[in-house]
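J.: Got a structure here, written out as structure tokens. Questions coming.
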Number of protein chains: 2
Amino acid sequence: MLSERRLQVLRAIVQDYVGTEEPVGSKALTERHSLGVSPATVRNDMAALEDEGYIAQPHTSAGRIPTDKGYRLFVDKLAGVKPMTAPERRAIQNFLEGAVDLDDVVARTVRLLAQLTRQVAVVQYPSLTRSTVRHVELLSLAPARVMLVLITDTGRVEQRVVDCPAPFGDASLADLRARLNSRVANRRFADVPSLVEDLPEAFEHEDRGTVSTVLSTLLETLVEENEERLMIGGTANLTRFGHDFPLTIRPVLEALEEQVVLLKLLGEAKDPGVTVRIGHENAHEGLNSTSVVSVGYGSGGEAVAKLGVVGPTRMDYPGTMGAVRAVARYVGQILAES
Amino acid sequence: MLSERRLQVLRAIVQDYVGTEEPVGSKALTERHSLGVSPATVRNDMAALEDEGYIAQPHTSAGRIPTDKGYRLFVDKLAGVKPMTAPERRAIQNFLEGAVDLDDVVARTVRLLAQLTRQVAVVQYPSLTRSTVRHVELLSLAPARVMLVLITDTGRVEQRVVDCPAPFGDASLADLRARLNSRVANRRFADVPSLVEDLPEAFEHEDRGTVSTVLSTLLETLVEENEERLMIGGTANLTRFGHDFPLTIRPVLEALEEQVVLLKLLGEAKDPGVTVRIGHENAHEGLNSTSVVSVGYGSGGEAVAKLGVVGPTRMDYPGTMGAVRAVARYVGQILAES
DNA sequence: GCTGGCACTCGCACGCGCAGAGTGCCAGGC
DNA sequence: GCCTGGCACTCTGCGCGTGCGAGTGCCAGC
């Protein structure tokens with residue numbers, strides 16, 4: 001177990017390094033933080049911290065920089081989440097309230113996060129799985145061809161074209177539309193399968209095949225999670241990465257292009273609160289020198305999707321976590337209202 | 001007017017510089033291209049080309065690099081469009097044919113363009129203005145609240161919620177739905193306004209206000225071009241920009257974040273064929289060291305949207321133009337089929 | 001109008017030495 | 001037992017001078 005002072009030294013190192021981007025030495029530490037001890041003492045503490053793997057020196061006789069393990073300890077034990085100030089919160093709310101539709105909400109959220117954190121922002125569209133059905137619409141495109149339109153409480157619209165095994169009359173279509181909506185409107189996606197299970201039985205024998213086909217397409221649409229979309233922004237902030245960044249930035253940009261990677265990244269964080277994954281904790285190699293701060297957001301109490309930022313491991317964790325948490329909270333509010 | 005040989009020298013300079021990324025000297029030129037003259041002669045030609053502003057030297061006693069004006073001449077007069085090979089064309093077609101919906105078509109197009117050209121790809125979603133209406137659906141959300149869903153021939157779906165001035169019965173709604181669709185289905189957007197003009201007259205007096213409101217929302221949706229979306233990809237290719245690129249890449253990334261800028265950029269090119277805007281020809285400052293190669297594409301003969309790539313002025317113009325043209329052609333085909 | 005030759009100009013890589021920051025360790029003091 | 005001041009040591013980064021090579025411009029000759 002590390003002594004209290006050593007933890008303070010680690011905290012000071014992280015704070016200074018995040019500010020200056022340069023390895024921090026014992027002398028500078030005692031000057032900038034009132035630790036009440038001499039540089040020599042700090043040096044001993046630093047040696048201990050280095051033995052434990054919390055800090056490292058880029059080369060002999062240079063200052064120390066935190067390791068991933070050091071940042072981890074900092075985030076877990078040494079730093080809280082810095083809450084947004086009241087004016088900041090108002091600005092967030094105002095900016096998000098101007099949104100006209102779901103796309104706009106997501107776009108604004110991305111911009112906001114990128115600006116607040118000065119990092120790359122990633123926002124997942126509200127997922128279908130936890131939402132509720134607002135309306136299901138069926139349109140006859142041709143005698144044996146039906147378009148299925150699903151409208152969710154988060155304002156998302158999904159459509160599918162269904163080829164029917166047999167011609168399907170307008171009357172039957174209207175009937176199905178009515179029955180379907182009376183059963184599933186305002187119900188959660190998860191409940192839909194059991195609610196429509198026995199629906200084919202209510203129809204004439206000749207229509208049952210079509211009804212089943214339509215229903216299975218609907219269920220497919222509901223569970224189709226792999227189609228999840230996301231939006232990213234603030235990539236220009238990557239240029240503030242560091243001096244040696246040609247090599248650093250490349251894999252990050254590549255990783256950001258892979259939506260699959262990002263979705264996995266956000267999905268991994270199961271924590272109900274803000275999750276931080278530091279450096280090598282990220283499975284994807286390209287992101288080994290970045291940290292990902294993410295959190296779930298949703299229109300009700302439950303999270304329906306994730307949002308977060310990607311930045312250098314050397315980032316202002318308390319501030320970033322505060323911003324991410326605040327934005328998630330307000331997006332949730334906006335979604336609930338609309 | 002420049003002599004034929006001087007044009008050849010310029011062409012050779014552009015080709016070599018694009019290949020090597022290094023200023024090209026007179027000796028290297030004569031070695032790599034059989035110009036049939038000695039380096040000394042080439043030097044005279046180069047001096048002339050420099051006087052005319054087609055090439056420049058980064059510093060005295062270095063090789064020459066083409067200026068924007070030089071690239072312009074090269075593109076206009078010296079180089080054709082390099083067509084894709086048959087295998088490449090097949091690969092493009094195969095890749096695009098796997099797409100399941102409009103989003104997927106656009107996403108695949110972006111990836112394809114980025115890979116083929118090794119540059120940043122930008123694809124605009126098919127615009128509404130030139131498309132035709134496949135279906136208009138009206139859903140009653142509440143007595144005086146209607147959701148309008150517009151489905152286009154390119155597979156795009158737009159929805160709007162309309163607050164009605166008076167309650168609107170289900171029968172009236174069904175009536176309006178039927179009349180509306182019989183008039184506008186499969187008609188071009190541009191024709192819709194005149195086709196629905198007299199529609200309110202067919203309704204009871206009490207419903208006319210609502211019908212008008214719904215119609216004007218529909219018309220708004222049709223003309224709403226500012227809502228045009230686009231997708232970009234291949235930003236990782238920016239890292240191949242050059243050696244000094246921290247300064248170069250930053251403004252480009254910033255410009256790419258501004259959808260407005262990009263839409264303007266693509267929109268400016270009125271040419272029916274492939275358009276190339278080189279360096280300072282781009283109005284946006286951040287793109288002064290890039291070239292934009294764009295072309296319109298569409299499901300029929302007409303262009304409904306644009307796509308293109310953004311890369312360093314030092315790019316392989318014939319190859320890039322060929323790739324952009326080919327991709328546009330095949331995307332058009334795919335859209336027409338679906 | 002083309003060519004070979006020649007002197008000239010720079011940029012760049014290399015080597016060197018120096019200053020500065022930072023460390024580790026040790027002996028002494030509280 | 002822990003903290004402190006002092007000291008020798010080790011790096012890196014920077015500035016400077018030098019030599020090399022690529023490339024040019026110009027000129028006289030064919």
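Each chain of the structure tokens is named A, B, ... in the order shown, its residues numbered from 1; ligands are numbered from 1 in display order.
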Mind running chain D against chain A at 12 Å and telling me each contacting residue's nearest atom pair with the distance in Å (one decimal), counting only C-alpha atoms (C1' of nucleotides), chain and number ascending, as a tab-separated table?

T.:
```
residue	atom	partner	partner_atom	distance
D:DC2	C1'	A:Thr41	CA	9.3
D:DC3	C1'	A:Thr41	CA	6.6
D:DT4	C1'	A:Ser38	CA	6.9
D:DG5	C1'	A:Ala40	CA	8.4
D:DG6	C1'	A:Ala40	CA	10.5
D:DC9	C1'	A:Ser61	CA	9.6
D:DT10	C1'	A:Ser61	CA	6.4
D:DC11	C1'	A:Ser61	CA	5.6
D:DT12	C1'	A:Ala62	CA	8.3
D:DG13	C1'	A:Ala62	CA	12.0
```

J.: Is it possible to see chain A as a compact mmCIF listing (two decimals) with C-alpha atoms, in the first residue's frame, once it has been laid onto chain B by a least-squares fit on every C-alpha atom in order?

T.:
```txt
# COMPACT_ATOMS: atom_id res chain seq x y z
CA MET A 1 1.61 29.71 -76.21
CA LEU A 2 3.94 27.05 -74.95
CA SER A 3 5.70 24.77 -77.39
CA GLU A 4 4.80 21.12 -77.53
CA ARG A 5 8.01 20.09 -75.81
CA ARG A 6 7.49 22.46 -72.94
CA LEU A 7 4.11 20.96 -72.35
CA GLN A 8 5.75 17.56 -72.33
CA VAL A 9 8.25 18.81 -69.80
CA LEU A 10 5.42 20.05 -67.59
CA ARG A 11 3.65 16.75 -67.90
CA ALA A 12 6.81 14.90 -66.94
CA ILE A 13 7.35 17.17 -63.95
CA VAL A 14 3.82 16.58 -62.69
CA GLN A 15 4.10 12.83 -63.13
CA ASP A 16 7.47 12.59 -61.42
CA TYR A 17 6.53 14.86 -58.58
CA VAL A 18 3.34 12.95 -57.92
CA GLY A 19 5.36 9.76 -57.81
CA THR A 20 8.33 10.84 -55.74
CA GLU A 21 6.92 13.71 -53.70
CA GLU A 22 10.20 15.48 -54.23
CA PRO A 23 11.13 18.49 -56.33
CA VAL A 24 12.29 17.26 -59.71
CA GLY A 25 15.44 18.47 -61.42
CA SER A 26 16.41 18.72 -65.05
CA LYS A 27 18.78 15.80 -64.99
CA ALA A 28 16.35 13.37 -63.41
CA LEU A 29 13.76 14.39 -65.98
CA THR A 30 15.89 13.55 -68.99
CA GLU A 31 16.87 10.25 -67.42
CA ARG A 32 13.34 9.10 -66.67
CA HIS A 33 11.58 10.39 -69.74
CA SER A 34 12.91 10.13 -73.24
CA LEU A 35 12.50 13.75 -74.19
CA GLY A 36 15.34 13.57 -76.71
CA VAL A 37 17.05 16.70 -75.46
CA SER A 38 19.76 17.46 -72.95
CA PRO A 39 19.30 18.65 -69.39
CA ALA A 40 20.47 22.10 -70.36
CA THR A 41 17.63 22.45 -72.82
CA VAL A 42 15.18 21.23 -70.26
CA ARG A 43 16.51 23.85 -67.89
CA ASN A 44 15.66 26.55 -70.38
CA ASP A 45 12.18 25.14 -70.77
CA MET A 46 11.80 25.00 -67.04
CA ALA A 47 12.83 28.62 -66.72
CA ALA A 48 10.14 29.50 -69.25
CA LEU A 49 7.52 27.42 -67.44
CA GLU A 50 8.48 29.13 -64.23
CA ASP A 51 8.11 32.56 -65.82
CA GLU A 52 4.62 31.59 -66.88
CA GLY A 53 3.80 30.46 -63.37
CA TYR A 54 3.28 26.77 -64.07
CA ILE A 55 6.07 25.55 -61.82
CA ALA A 56 8.05 26.93 -58.92
CA GLN A 57 11.08 26.08 -56.90
CA PRO A 58 10.76 25.76 -53.14
CA HIS A 59 14.14 27.47 -52.75
CA THR A 60 16.89 28.52 -55.06
CA SER A 61 18.83 25.62 -56.45
CA ALA A 62 16.27 23.00 -55.76
CA GLY A 63 14.17 21.13 -58.28
CA ARG A 64 10.79 22.37 -59.47
CA ILE A 65 7.34 21.52 -58.30
CA PRO A 66 4.12 22.25 -60.14
CA THR A 67 1.98 25.18 -59.04
CA ASP A 68 -1.80 25.07 -58.87
CA LYS A 69 -1.78 26.65 -62.31
CA GLY A 70 0.53 23.90 -63.52
CA TYR A 71 -1.76 21.18 -62.23
CA ARG A 72 -4.69 22.94 -63.84
CA LEU A 73 -3.04 22.88 -67.24
CA PHE A 74 -2.06 19.27 -66.69
CA VAL A 75 -5.61 18.26 -65.88
CA ASP A 76 -7.19 20.28 -68.68
CA LYS A 77 -4.83 19.58 -71.52
CA LEU A 78 -2.15 17.07 -70.75
CA ALA A 79 -3.81 14.15 -69.06
CA GLY A 80 -6.85 12.10 -69.84
CA VAL A 81 -8.93 10.13 -67.42
CA LYS A 82 -7.42 6.75 -66.72
CA PRO A 83 -10.21 4.20 -67.01
CA MET A 84 -10.50 1.41 -64.49
CA THR A 85 -9.42 -2.03 -65.58
CA ALA A 86 -12.01 -4.71 -66.09
CA PRO A 87 -11.18 -6.57 -62.86
CA GLU A 88 -11.39 -3.32 -60.94
CA ARG A 89 -14.76 -2.58 -62.44
CA ARG A 90 -16.02 -6.02 -61.52
CA ALA A 91 -14.78 -5.59 -57.96
CA ILE A 92 -16.57 -2.26 -57.66
CA GLN A 93 -19.78 -3.74 -58.93
CA ASN A 94 -19.61 -6.77 -56.67
CA PHE A 95 -18.87 -4.74 -53.61
CA LEU A 96 -21.72 -2.31 -54.21
CA GLU A 97 -24.21 -5.02 -55.04
CA GLY A 98 -23.90 -6.43 -51.55
CA ALA A 99 -25.59 -3.37 -50.08
CA VAL A 100 -28.88 -3.95 -48.29
CA ASP A 101 -30.29 -0.44 -48.03
CA LEU A 102 -29.57 3.17 -48.88
CA ASP A 103 -27.37 3.75 -45.85
CA ASP A 104 -25.39 0.72 -46.78
CA VAL A 105 -25.00 1.84 -50.38
CA VAL A 106 -23.60 5.16 -49.25
CA ALA A 107 -21.35 3.56 -46.63
CA ARG A 108 -19.96 1.09 -49.12
CA THR A 109 -19.42 3.80 -51.69
CA VAL A 110 -17.40 5.80 -49.22
CA ARG A 111 -15.21 2.85 -48.32
CA LEU A 112 -14.71 1.96 -51.92
CA LEU A 113 -13.71 5.44 -52.99
CA ALA A 114 -11.37 5.81 -50.06
CA GLN A 115 -9.68 2.52 -50.85
CA LEU A 116 -9.44 3.01 -54.59
CA THR A 117 -8.04 6.50 -54.43
CA ARG A 118 -6.28 6.23 -51.07
CA GLN A 119 -7.75 9.58 -50.23
CA VAL A 120 -10.61 11.02 -48.24
CA ALA A 121 -13.96 10.13 -49.76
CA VAL A 122 -17.12 12.21 -49.52
CA VAL A 123 -20.51 10.95 -50.64
CA GLN A 124 -23.66 13.00 -50.53
CA TYR A 125 -26.91 11.16 -49.89
CA PRO A 126 -29.18 11.18 -52.92
CA SER A 127 -30.95 14.49 -52.89
CA LEU A 128 -34.67 14.73 -52.61
CA THR A 129 -35.18 17.46 -55.20
CA ARG A 130 -34.70 15.42 -58.31
CA SER A 131 -36.14 12.17 -57.07
CA THR A 132 -39.68 10.96 -57.46
CA VAL A 133 -42.23 10.13 -54.81
CA ARG A 134 -42.79 6.46 -54.19
CA HIS A 135 -45.42 6.84 -51.51
CA VAL A 136 -46.82 9.31 -49.01
CA GLU A 137 -48.20 7.88 -45.81
CA LEU A 138 -50.31 9.67 -43.21
CA LEU A 139 -50.69 8.33 -39.68
CA SER A 140 -52.97 9.66 -37.04
CA LEU A 141 -51.00 10.09 -33.83
CA ALA A 142 -53.74 11.99 -32.01
CA PRO A 143 -57.02 13.59 -33.13
CA ALA A 144 -55.27 16.75 -34.27
CA ARG A 145 -51.83 15.33 -34.88
CA VAL A 146 -50.71 13.61 -38.03
CA MET A 147 -47.42 12.02 -38.95
CA LEU A 148 -46.40 12.45 -42.55
CA VAL A 149 -44.01 9.87 -44.00
CA LEU A 150 -42.49 10.40 -47.41
CA ILE A 151 -40.83 7.52 -49.23
CA THR A 152 -38.71 8.28 -52.29
CA ASP A 153 -37.59 6.20 -55.23
CA THR A 154 -34.05 6.21 -53.89
CA GLY A 155 -35.26 4.48 -50.76
CA ARG A 156 -35.00 7.51 -48.56
CA VAL A 157 -37.62 8.05 -45.88
CA GLU A 158 -38.48 11.43 -44.39
CA GLN A 159 -41.00 11.95 -41.62
CA ARG A 160 -42.65 15.02 -40.12
CA VAL A 161 -45.19 15.50 -37.40
CA VAL A 162 -47.98 17.93 -38.33
CA ASP A 163 -50.10 19.74 -35.77
CA CYS A 164 -53.51 20.29 -37.33
CA PRO A 165 -55.67 23.36 -36.79
CA ALA A 166 -58.71 21.12 -36.20
CA PRO A 167 -59.39 17.46 -35.37
CA PHE A 168 -59.17 15.30 -38.43
CA GLY A 169 -61.24 12.12 -38.72
CA ASP A 170 -59.85 8.78 -39.78
CA ALA A 171 -62.12 8.71 -42.81
CA SER A 172 -60.88 12.11 -43.99
CA LEU A 173 -57.32 10.98 -43.37
CA ALA A 174 -57.80 7.87 -45.48
CA ASP A 175 -59.40 9.98 -48.15
CA LEU A 176 -56.54 12.43 -48.19
CA ARG A 177 -54.01 9.61 -48.23
CA ALA A 178 -55.68 8.03 -51.24
CA ARG A 179 -56.10 11.24 -53.21
CA LEU A 180 -52.61 12.36 -52.43
CA ASN A 181 -51.00 9.12 -53.54
CA SER A 182 -53.00 8.83 -56.71
CA ARG A 183 -51.75 12.25 -57.70
CA VAL A 184 -48.12 12.27 -56.65
CA ALA A 185 -46.96 8.66 -56.69
CA ASN A 186 -44.07 8.26 -59.14
CA ARG A 187 -44.07 11.96 -59.92
CA ARG A 188 -40.99 14.13 -59.67
CA PHE A 189 -40.70 16.36 -56.67
CA ALA A 190 -40.64 19.42 -58.83
CA ASP A 191 -44.06 18.59 -60.21
CA VAL A 192 -45.73 17.96 -56.87
CA PRO A 193 -46.70 21.54 -55.95
CA SER A 194 -48.86 22.07 -59.02
CA LEU A 195 -50.38 18.61 -58.68
CA VAL A 196 -51.75 19.12 -55.19
CA GLU A 197 -52.61 22.79 -55.45
CA ASP A 198 -56.38 22.32 -55.71
CA LEU A 199 -56.60 19.37 -53.33
CA PRO A 200 -58.14 21.25 -50.36
CA GLU A 201 -61.14 22.10 -52.51
CA ALA A 202 -62.17 18.45 -52.65
CA PHE A 203 -62.70 18.41 -48.89
CA GLU A 204 -65.40 19.55 -46.49
CA HIS A 205 -64.93 23.08 -45.34
CA GLU A 206 -63.96 22.07 -41.80
CA ASP A 207 -61.11 19.87 -43.03
CA ARG A 208 -59.62 22.30 -45.49
CA GLY A 209 -57.35 23.99 -42.98
CA THR A 210 -55.84 20.68 -41.95
CA VAL A 211 -55.40 19.53 -45.52
CA SER A 212 -53.60 22.74 -46.37
CA THR A 213 -51.35 22.38 -43.36
CA VAL A 214 -50.43 18.83 -44.28
CA LEU A 215 -49.77 19.80 -47.86
CA SER A 216 -47.55 22.70 -46.97
CA THR A 217 -45.54 20.47 -44.66
CA LEU A 218 -45.16 18.03 -47.52
CA LEU A 219 -43.94 20.76 -49.84
CA GLU A 220 -41.53 22.00 -47.22
CA THR A 221 -40.10 18.54 -46.88
CA LEU A 222 -39.67 18.29 -50.62
CA VAL A 223 -37.69 21.47 -51.00
CA GLU A 224 -35.74 21.12 -47.80
CA GLU A 225 -32.34 20.88 -49.32
CA ASN A 226 -30.38 22.21 -46.43
CA GLU A 227 -31.01 19.03 -44.56
CA GLU A 228 -28.86 17.13 -47.00
CA ARG A 229 -26.59 14.63 -45.36
CA LEU A 230 -23.31 13.19 -46.37
CA MET A 231 -20.85 10.60 -45.28
CA ILE A 232 -17.09 10.81 -45.28
CA GLY A 233 -14.42 8.19 -44.87
CA GLY A 234 -10.77 7.41 -45.37
CA THR A 235 -9.57 10.23 -43.18
CA ALA A 236 -6.70 7.99 -42.14
CA ASN A 237 -5.34 8.58 -45.63
CA LEU A 238 -4.64 12.15 -44.61
CA THR A 239 -1.60 10.90 -42.76
CA ARG A 240 0.04 10.21 -46.11
CA PHE A 241 -0.22 13.88 -46.84
CA GLY A 242 3.38 14.92 -46.55
CA HIS A 243 6.20 15.38 -44.11
CA ASP A 244 5.22 18.76 -42.74
CA PHE A 245 1.66 17.70 -42.27
CA PRO A 246 0.82 18.66 -38.72
CA LEU A 247 0.09 22.10 -40.08
CA THR A 248 -1.48 20.88 -43.28
CA ILE A 249 -3.77 18.24 -41.90
CA ARG A 250 -5.37 20.31 -39.19
CA PRO A 251 -7.37 22.73 -41.31
CA VAL A 252 -8.37 19.91 -43.62
CA LEU A 253 -9.83 17.89 -40.78
CA GLU A 254 -11.61 20.98 -39.57
CA ALA A 255 -13.07 21.65 -42.98
CA LEU A 256 -14.22 18.05 -43.26
CA GLU A 257 -16.09 18.41 -40.00
CA GLU A 258 -18.14 21.20 -41.44
CA GLN A 259 -20.80 19.51 -43.48
CA VAL A 260 -21.86 22.87 -44.80
CA VAL A 261 -18.45 23.48 -46.28
CA LEU A 262 -18.41 20.10 -47.94
CA LEU A 263 -21.90 20.42 -49.33
CA LYS A 264 -20.96 23.77 -50.79
CA LEU A 265 -17.80 22.27 -52.19
CA LEU A 266 -19.63 19.49 -53.96
CA GLY A 267 -22.47 21.76 -54.96
CA GLU A 268 -20.21 24.25 -56.69
CA ALA A 269 -19.21 21.81 -59.37
CA LYS A 270 -21.85 22.29 -62.02
CA ASP A 271 -20.05 20.41 -64.72
CA PRO A 272 -21.84 17.32 -66.01
CA GLY A 273 -18.57 15.36 -65.99
CA VAL A 274 -15.84 14.98 -63.44
CA THR A 275 -14.91 18.29 -61.88
CA VAL A 276 -11.52 19.05 -60.42
CA ARG A 277 -10.87 21.98 -58.13
CA ILE A 278 -7.22 22.52 -57.42
CA GLY A 279 -5.66 24.15 -54.37
CA HIS A 280 -6.62 27.78 -54.18
CA GLU A 281 -9.54 27.24 -56.50
CA ASN A 282 -11.31 25.96 -53.42
CA ALA A 283 -13.04 28.80 -51.67
CA HIS A 284 -12.44 27.37 -48.22
CA GLU A 285 -9.03 28.33 -46.87
CA GLY A 286 -8.44 25.08 -45.06
CA LEU A 287 -8.58 23.28 -48.37
CA ASN A 288 -6.10 25.51 -50.18
CA SER A 289 -3.53 22.77 -50.30
CA THR A 290 -5.95 20.10 -51.41
CA SER A 291 -7.70 19.21 -54.60
CA VAL A 292 -11.28 18.07 -54.80
CA VAL A 293 -12.38 15.67 -57.51
CA SER A 294 -16.13 15.34 -57.71
CA VAL A 295 -18.87 14.15 -59.99
CA GLY A 296 -22.63 13.86 -59.92
CA TYR A 297 -24.38 10.52 -59.78
CA GLY A 298 -27.97 9.45 -60.02
CA SER A 299 -30.32 6.61 -60.52
CA GLY A 300 -31.56 7.73 -63.90
CA GLY A 301 -29.69 9.73 -66.45
CA GLU A 302 -29.77 12.76 -64.19
CA ALA A 303 -27.53 13.50 -61.25
CA VAL A 304 -29.33 13.52 -57.92
CA ALA A 305 -26.27 14.02 -55.73
CA LYS A 306 -22.52 14.32 -55.79
CA LEU A 307 -19.60 12.27 -54.61
CA GLY A 308 -15.89 12.85 -54.68
CA VAL A 309 -12.57 12.74 -52.96
CA VAL A 310 -10.36 15.25 -51.22
CA GLY A 311 -6.61 14.82 -51.43
CA PRO A 312 -3.34 16.70 -51.70
CA THR A 313 -2.90 18.81 -54.82
CA ARG A 314 -0.08 16.43 -55.52
CA MET A 315 -2.32 13.55 -56.47
CA ASP A 316 -2.66 11.13 -59.34
CA TYR A 317 -5.31 13.05 -61.25
CA PRO A 318 -5.98 10.64 -64.11
CA GLY A 319 -6.33 7.68 -61.75
CA THR A 320 -8.43 9.54 -59.21
CA MET A 321 -10.73 10.91 -61.88
CA GLY A 322 -11.13 7.45 -63.34
CA ALA A 323 -11.99 5.93 -60.00
CA VAL A 324 -14.44 8.66 -59.10
CA ARG A 325 -16.18 8.42 -62.44
CA ALA A 326 -16.41 4.64 -62.31
CA VAL A 327 -17.76 4.54 -58.78
CA ALA A 328 -20.37 7.19 -59.60
CA ARG A 329 -21.50 5.21 -62.59
CA TYR A 330 -21.97 1.98 -60.65
CA VAL A 331 -23.66 3.63 -57.70
CA GLY A 332 -26.10 5.10 -60.16
CA GLN A 333 -26.80 1.64 -61.52
CA ILE A 334 -27.34 0.16 -58.09
CA LEU A 335 -29.73 2.93 -57.13
CA ALA A 336 -31.70 2.49 -60.34
CA GLU A 337 -32.09 -1.24 -59.71
CA SER A 338 -33.30 -1.06 -56.14
```

J.: Extract the full set of strand (DSSP E or B) residues from segment 96-237 of chain B according to DSSP on the backbone, and format it as a PyMOL selection string.

T.: chain B and resi 120-124+132-142+145-152+157-163+188+230-233

J.: Measure the distance from atom C1' of DG15 of chain D to atom C1' of DT23 of chain C in Å and round it to one decimal.

T.: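 Interatomic distance here is 25.4 Å.
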
J.: Taking only C-alpha atoms (C1' of nucleotides) into account, which residues of chain C are within 10 Å of chain A, as a list in words?

T.: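 Only these qualify: DA21, DG22, DT23 and DG24 of chain C.
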
J.: Pull N, CA and C atoms (P, O5', C5', C4', C3', O3' and C1' of nucleotides) from the residues just selected and write them as a PDB file, in the first residue's frame.

T.:
```
ATOM      1  P    DA C  21      17.334  24.306 -16.327  1.00  0.00           P
ATOM      2  O5'  DA C  21      16.443  22.998 -16.275  1.00  0.00           O
ATOM      3  C5'  DA C  21      16.168  22.292 -17.496  1.00  0.00           C
ATOM      4  C4'  DA C  21      16.061  20.823 -17.188  1.00  0.00           C
ATOM      5  C3'  DA C  21      15.486  20.529 -15.812  1.00  0.00           C
ATOM      6  O3'  DA C  21      14.456  19.572 -15.940  1.00  0.00           O
ATOM      7  C1'  DA C  21      17.513  19.370 -16.109  1.00  0.00           C
ATOM      8  P    DG C  22      13.497  19.296 -14.725  1.00  0.00           P
ATOM      9  O5'  DG C  22      14.064  17.914 -14.205  1.00  0.00           O
ATOM     10  C5'  DG C  22      14.071  16.811 -15.106  1.00  0.00           C
ATOM     11  C4'  DG C  22      14.949  15.746 -14.526  1.00  0.00           C
ATOM     12  C3'  DG C  22      14.679  15.481 -13.032  1.00  0.00           C
ATOM     13  O3'  DG C  22      14.047  14.222 -12.856  1.00  0.00           O
ATOM     14  C1'  DG C  22      17.006  15.533 -13.549  1.00  0.00           C
ATOM     15  P    DT C  23      13.749  13.693 -11.391  1.00  0.00           P
ATOM     16  O5'  DT C  23      14.782  12.513 -11.243  1.00  0.00           O
ATOM     17  C5'  DT C  23      15.115  11.725 -12.395  1.00  0.00           C
ATOM     18  C4'  DT C  23      16.409  10.987 -12.129  1.00  0.00           C
ATOM     19  C3'  DT C  23      16.427  10.288 -10.781  1.00  0.00           C
ATOM     20  O3'  DT C  23      16.424   8.882 -10.947  1.00  0.00           O
ATOM     21  C1'  DT C  23      18.439  11.556 -11.141  1.00  0.00           C
ATOM     22  P    DG C  24      16.027   7.996  -9.718  1.00  0.00           P
ATOM     23  O5'  DG C  24      17.442   7.564  -9.116  1.00  0.00           O
ATOM     24  C5'  DG C  24      18.474   7.138  -9.982  1.00  0.00           C
ATOM     25  C4'  DG C  24      19.733   6.852  -9.179  1.00  0.00           C
ATOM     26  C3'  DG C  24      19.485   6.169  -7.831  1.00  0.00           C
ATOM     27  O3'  DG C  24      20.487   5.167  -7.645  1.00  0.00           O
ATOM     28  C1'  DG C  24      20.547   8.286  -7.475  1.00  0.00           C
TER      29       DG C  24
END
```
